[in-house]
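**Student:** Provided herewith: query.cif, mmCIF, N, CA and C atoms.
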```
data_query
#
loop_
_atom_site.label_atom_id
_atom_site.label_comp_id
_atom_site.auth_asym_id
_atom_site.auth_seq_id
_atom_site.Cartn_x
_atom_site.Cartn_y
_atom_site.Cartn_z
N LEU U 15 8.85 -0.57 -5.73
CA LEU U 15 7.53 -0.60 -6.33
C LEU U 15 7.42 -1.78 -7.29
N ARG U 16 8.50 -2.04 -8.01
CA ARG U 16 8.51 -3.18 -8.94
C ARG U 16 8.32 -4.49 -8.17
N GLN U 17 9.00 -4.61 -7.02
CA GLN U 17 8.88 -5.82 -6.20
C GLN U 17 7.46 -5.95 -5.65
N PHE U 18 6.87 -4.85 -5.21
CA PHE U 18 5.49 -4.86 -4.71
C PHE U 18 4.54 -5.35 -5.80
N ASN U 19 4.67 -4.79 -7.00
CA ASN U 19 3.81 -5.20 -8.11
C ASN U 19 4.01 -6.67 -8.47
N HIS U 20 5.26 -7.13 -8.42
CA HIS U 20 5.56 -8.52 -8.73
C HIS U 20 4.91 -9.46 -7.72
N VAL U 21 5.05 -9.15 -6.44
CA VAL U 21 4.47 -10.00 -5.39
C VAL U 21 2.95 -10.03 -5.49
N VAL U 22 2.34 -8.87 -5.66
CA VAL U 22 0.87 -8.81 -5.79
C VAL U 22 0.42 -9.61 -7.00
N THR U 23 1.10 -9.46 -8.12
CA THR U 23 0.74 -10.18 -9.34
C THR U 23 0.84 -11.68 -9.14
N CYS U 24 1.92 -12.15 -8.52
CA CYS U 24 2.09 -13.60 -8.30
C CYS U 24 1.00 -14.15 -7.41
N TYR U 25 0.68 -13.46 -6.33
CA TYR U 25 -0.40 -13.94 -5.45
C TYR U 25 -1.75 -13.92 -6.15
N GLU U 26 -2.03 -12.84 -6.85
CA GLU U 26 -3.32 -12.72 -7.54
C GLU U 26 -3.47 -13.81 -8.61
N LEU U 27 -2.40 -14.12 -9.33
CA LEU U 27 -2.47 -15.16 -10.35
C LEU U 27 -2.71 -16.54 -9.75
N SER U 28 -2.31 -16.72 -8.48
CA SER U 28 -2.55 -18.02 -7.83
C SER U 28 -3.90 -18.07 -7.11
N GLY U 29 -4.68 -17.00 -7.21
CA GLY U 29 -6.03 -17.00 -6.65
C GLY U 29 -6.18 -16.29 -5.31
N VAL U 30 -5.10 -15.72 -4.80
CA VAL U 30 -5.15 -15.00 -3.53
C VAL U 30 -5.46 -13.53 -3.82
N LYS U 31 -6.49 -13.00 -3.17
CA LYS U 31 -6.82 -11.58 -3.35
C LYS U 31 -6.12 -10.76 -2.30
N ILE U 32 -5.35 -9.80 -2.74
CA ILE U 32 -4.63 -8.91 -1.83
C ILE U 32 -5.55 -7.74 -1.50
N LEU U 33 -5.85 -7.59 -0.21
CA LEU U 33 -6.75 -6.54 0.24
C LEU U 33 -6.03 -5.40 0.95
N GLY U 34 -4.86 -5.70 1.53
CA GLY U 34 -4.16 -4.69 2.28
C GLY U 34 -2.68 -4.93 2.35
N LEU U 35 -1.97 -3.90 2.74
CA LEU U 35 -0.53 -3.92 2.90
C LEU U 35 -0.21 -3.37 4.28
N VAL U 36 0.46 -4.17 5.11
CA VAL U 36 0.82 -3.73 6.46
C VAL U 36 2.32 -3.46 6.48
N LEU U 37 2.71 -2.26 6.89
CA LEU U 37 4.12 -1.90 6.98
C LEU U 37 4.29 -0.68 7.86
N ASP U 38 5.48 -0.50 8.40
CA ASP U 38 5.75 0.75 9.09
C ASP U 38 6.18 1.76 8.02
N ALA U 39 6.08 3.01 8.33
CA ALA U 39 6.33 4.04 7.30
C ALA U 39 7.74 4.60 7.37
N GLY U 40 8.63 3.91 8.07
CA GLY U 40 9.99 4.41 8.21
C GLY U 40 10.96 3.72 7.26
N GLY U 41 12.15 4.28 7.17
CA GLY U 41 13.21 3.68 6.37
C GLY U 41 12.83 3.52 4.90
N PRO U 42 13.17 2.38 4.31
CA PRO U 42 12.88 2.15 2.89
C PRO U 42 11.38 2.14 2.58
N ASN U 43 10.57 1.80 3.59
CA ASN U 43 9.12 1.76 3.36
C ASN U 43 8.54 3.14 3.09
N ALA U 44 9.20 4.18 3.58
CA ALA U 44 8.72 5.54 3.32
C ALA U 44 8.74 5.82 1.81
N GLY U 45 9.79 5.36 1.15
CA GLY U 45 9.88 5.54 -0.30
C GLY U 45 8.81 4.77 -1.04
N LEU U 46 8.54 3.54 -0.59
CA LEU U 46 7.49 2.73 -1.21
C LEU U 46 6.13 3.41 -1.06
N LEU U 47 5.82 3.88 0.14
CA LEU U 47 4.53 4.56 0.34
C LEU U 47 4.42 5.81 -0.52
N LYS U 48 5.52 6.53 -0.66
CA LYS U 48 5.51 7.73 -1.51
C LYS U 48 5.21 7.35 -2.96
N LEU U 49 5.82 6.26 -3.44
CA LEU U 49 5.56 5.80 -4.81
C LEU U 49 4.12 5.31 -4.96
N LEU U 50 3.61 4.60 -3.95
CA LEU U 50 2.23 4.11 -4.03
C LEU U 50 1.22 5.26 -4.02
N ARG U 51 1.57 6.36 -3.36
CA ARG U 51 0.70 7.54 -3.33
C ARG U 51 0.94 8.45 -4.52
N LYS U 52 1.85 8.06 -5.41
CA LYS U 52 2.20 8.85 -6.59
C LYS U 52 2.72 10.23 -6.20
N GLY U 53 3.50 10.26 -5.12
CA GLY U 53 4.13 11.50 -4.69
C GLY U 53 3.29 12.40 -3.82
N GLU U 54 2.02 12.07 -3.63
CA GLU U 54 1.16 12.93 -2.82
C GLU U 54 1.62 12.89 -1.37
N LYS U 55 1.73 14.05 -0.75
CA LYS U 55 2.18 14.13 0.64
C LYS U 55 0.99 14.10 1.58
N VAL U 56 1.21 13.49 2.74
CA VAL U 56 0.19 13.50 3.79
C VAL U 56 0.38 14.79 4.57
N GLU U 57 -0.61 15.64 4.54
CA GLU U 57 -0.52 16.91 5.24
C GLU U 57 -1.68 17.05 6.21
N GLY U 58 -1.41 17.67 7.34
CA GLY U 58 -2.44 17.86 8.34
C GLY U 58 -2.64 16.59 9.16
N SER U 59 -3.71 16.61 9.95
CA SER U 59 -3.99 15.48 10.84
C SER U 59 -4.57 14.28 10.12
N TRP U 60 -5.30 14.51 9.05
CA TRP U 60 -5.99 13.43 8.34
C TRP U 60 -5.52 13.36 6.90
N PRO U 61 -5.07 12.19 6.47
CA PRO U 61 -4.65 12.06 5.06
C PRO U 61 -5.86 12.05 4.13
N SER U 62 -5.63 12.40 2.88
CA SER U 62 -6.71 12.32 1.90
C SER U 62 -7.01 10.85 1.61
N LYS U 63 -8.15 10.58 1.04
CA LYS U 63 -8.54 9.20 0.75
C LYS U 63 -7.55 8.51 -0.17
N SER U 64 -6.96 9.24 -1.11
CA SER U 64 -6.03 8.63 -2.04
C SER U 64 -4.73 8.20 -1.35
N CYS U 65 -4.46 8.67 -0.14
CA CYS U 65 -3.26 8.25 0.60
C CYS U 65 -3.51 6.96 1.38
N LEU U 66 -4.75 6.52 1.46
CA LEU U 66 -5.09 5.34 2.26
C LEU U 66 -5.02 4.04 1.48
N TYR U 67 -4.93 4.12 0.18
CA TYR U 67 -4.91 2.91 -0.63
C TYR U 67 -4.15 3.14 -1.92
N SER U 68 -3.83 2.05 -2.58
CA SER U 68 -3.27 2.11 -3.93
C SER U 68 -4.09 1.20 -4.82
N VAL U 69 -3.93 1.36 -6.10
CA VAL U 69 -4.68 0.57 -7.07
C VAL U 69 -4.01 -0.79 -7.21
N ASN U 70 -4.81 -1.84 -7.25
CA ASN U 70 -4.29 -3.19 -7.44
C ASN U 70 -3.75 -3.30 -8.87
N PRO U 71 -2.47 -3.70 -9.03
CA PRO U 71 -1.91 -3.78 -10.38
C PRO U 71 -2.57 -4.84 -11.27
N MET U 72 -3.22 -5.83 -10.68
CA MET U 72 -3.89 -6.87 -11.47
C MET U 72 -5.32 -6.51 -11.82
N ASP U 73 -5.97 -5.71 -10.97
CA ASP U 73 -7.36 -5.32 -11.20
C ASP U 73 -7.53 -3.87 -10.76
N PRO U 74 -7.44 -2.93 -11.68
CA PRO U 74 -7.51 -1.51 -11.33
C PRO U 74 -8.82 -1.09 -10.65
N ASP U 75 -9.84 -1.94 -10.71
CA ASP U 75 -11.10 -1.61 -10.04
C ASP U 75 -11.04 -1.91 -8.54
N ARG U 76 -10.01 -2.65 -8.10
CA ARG U 76 -9.88 -2.99 -6.68
C ARG U 76 -8.76 -2.18 -6.05
N LYS U 77 -8.88 -1.94 -4.75
CA LYS U 77 -7.89 -1.15 -4.02
C LYS U 77 -7.12 -2.05 -3.05
N ILE U 78 -5.89 -1.68 -2.77
CA ILE U 78 -5.09 -2.31 -1.73
C ILE U 78 -4.89 -1.24 -0.66
N TYR U 79 -5.50 -1.47 0.50
CA TYR U 79 -5.45 -0.48 1.58
C TYR U 79 -4.13 -0.59 2.34
N HIS U 80 -3.65 0.54 2.84
CA HIS U 80 -2.38 0.60 3.57
C HIS U 80 -2.68 0.66 5.07
N PHE U 81 -2.07 -0.25 5.82
CA PHE U 81 -2.20 -0.28 7.28
C PHE U 81 -0.82 -0.09 7.87
N HIS U 82 -0.71 0.81 8.82
CA HIS U 82 0.59 1.06 9.45
C HIS U 82 0.75 0.15 10.66
N CYS U 83 1.90 -0.51 10.71
CA CYS U 83 2.24 -1.42 11.79
C CYS U 83 2.65 -0.60 13.01
N SER U 84 2.18 -0.99 14.16
CA SER U 84 2.54 -0.27 15.38
C SER U 84 3.57 -1.01 16.22
N ALA U 85 4.26 -1.99 15.65
CA ALA U 85 5.26 -2.75 16.40
C ALA U 85 6.35 -1.85 16.94
N GLN U 86 6.75 -0.84 16.19
CA GLN U 86 7.79 0.08 16.65
C GLN U 86 7.34 0.86 17.88
N ASP U 87 6.05 1.16 17.95
CA ASP U 87 5.52 1.92 19.10
C ASP U 87 5.56 1.07 20.37
N GLN U 88 5.51 -0.23 20.24
CA GLN U 88 5.48 -1.10 21.41
C GLN U 88 6.87 -1.38 21.98
N LYS U 89 7.93 -1.00 21.27
CA LYS U 89 9.29 -1.28 21.76
C LYS U 89 9.70 -0.32 22.86
#
```
As structure tokens - that is how I would like this structure written.
**Tutor:**
Amino acid sequence: LRQFNHVVTCYELSGVKILGLVLDAGGPNAGLLKLLRKGEKVEGSWPSKSCLYSVNPMDPDRKIYHFHCSAQDQK
């Protein structure tokens, strides 16, 4: 989570707006997603809205949406 915040902060300070995060939800990324959701679990077929994004550490009024990579499904 610290590394995620650091990367977002560095890009935002250079003028790049971070709108989304693409990652698969397995392995170490599962822990990152859990931290970004503040421990909220995805239950049922549809996640709650708060599981779809995290707050931008540089601008709390903006959201960083989470997109799941499907590269593993194509293997």
**Student:** If you count only C-alpha atoms, which residues fall within 12 Å of Leu46 of chain U, apart from same-chain ones fewer than 3 positions away, as a list in words?
**Tutor:** Leu15, Arg16, Gln17, Phe18, Asn19, Leu35, Leu37, Asp38, Ala39, Gly40, Gly41, Pro42, Asn43, Leu49, Leu50, Arg51, Lys52, Gly53, Ser68 and His80 of chain U
**Student:** Let me make sure I understand: among U:Val36, U:Ala44, U:Val22, U:Phe81, which one has the smallest atom-to-atom distance to Leu66 of chain U if we use only N, CA and C atoms?
**Tutor:**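 Under the stated criterion, the closest residue is U:Phe81.
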**Student:** DSSP on the backbone: which residues in segment 33-74 of chain U end up as strand (DSSP E)? Give the answer as a VMD selection string.
**Tutor:** chain U and resid 34 to 37 67 to 69
**Student:** Please provide the set of residues having any atom within 6 Å of Leu33 of chain U, restricted to only N, CA and C atoms, with same-chain residues fewer than 2 positions apart removed, written as JSON, numbers by chain.
**Tutor:** {"U": [31, 35, 77, 78, 79]}
**Student:** Go ahead and compute the interatomic distance for atom C of Thr23 of chain U and atom N of Ser62 of chain U, in Å to one decimal.
**Tutor:** 27.7 Å
**Student:** Could you tell me, as a list in words, which residues of chain U DSSP assigns to alpha helix (DSSP H) when given the backbone?
**Tutor:**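 Alpha helix (DSSP H) assignments inside chain U correspond to Arg16, Gln17, Phe18, Asn19, His20, Val21, Val22, Thr23, Cys24, Tyr25, Glu26, Leu27, Pro42, Asn43, Ala44, Gly45, Leu46, Leu47, Lys48, Leu49, Leu50, Ala85, Gln86, Asp87 and Gln88 of chain U.
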**Student:** Measure the distance from atom N of Gly58 of chain U to atom N of Ser84 of chain U in Å and round it to one decimal.
**Tutor:**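 Separation between atom N of Gly58 of chain U and atom N of Ser84 of chain U: 20.2 Å.
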**Student:** At what distance in Å, to one decimal, does atom C of Cys65 of chain U lie from atom CA of Glu26 of chain U?
**Tutor:**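 Those two atoms sit 21.6 Å apart.
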**Student:** Name the closest residue to His82 of chain U among the candidates U:Tyr67, U:Leu27, U:Glu57, U:Ile32; distances are taken between atoms, counting only C-alpha atoms.
**Tutor:**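 The closest residue to His82 of chain U is U:Tyr67.
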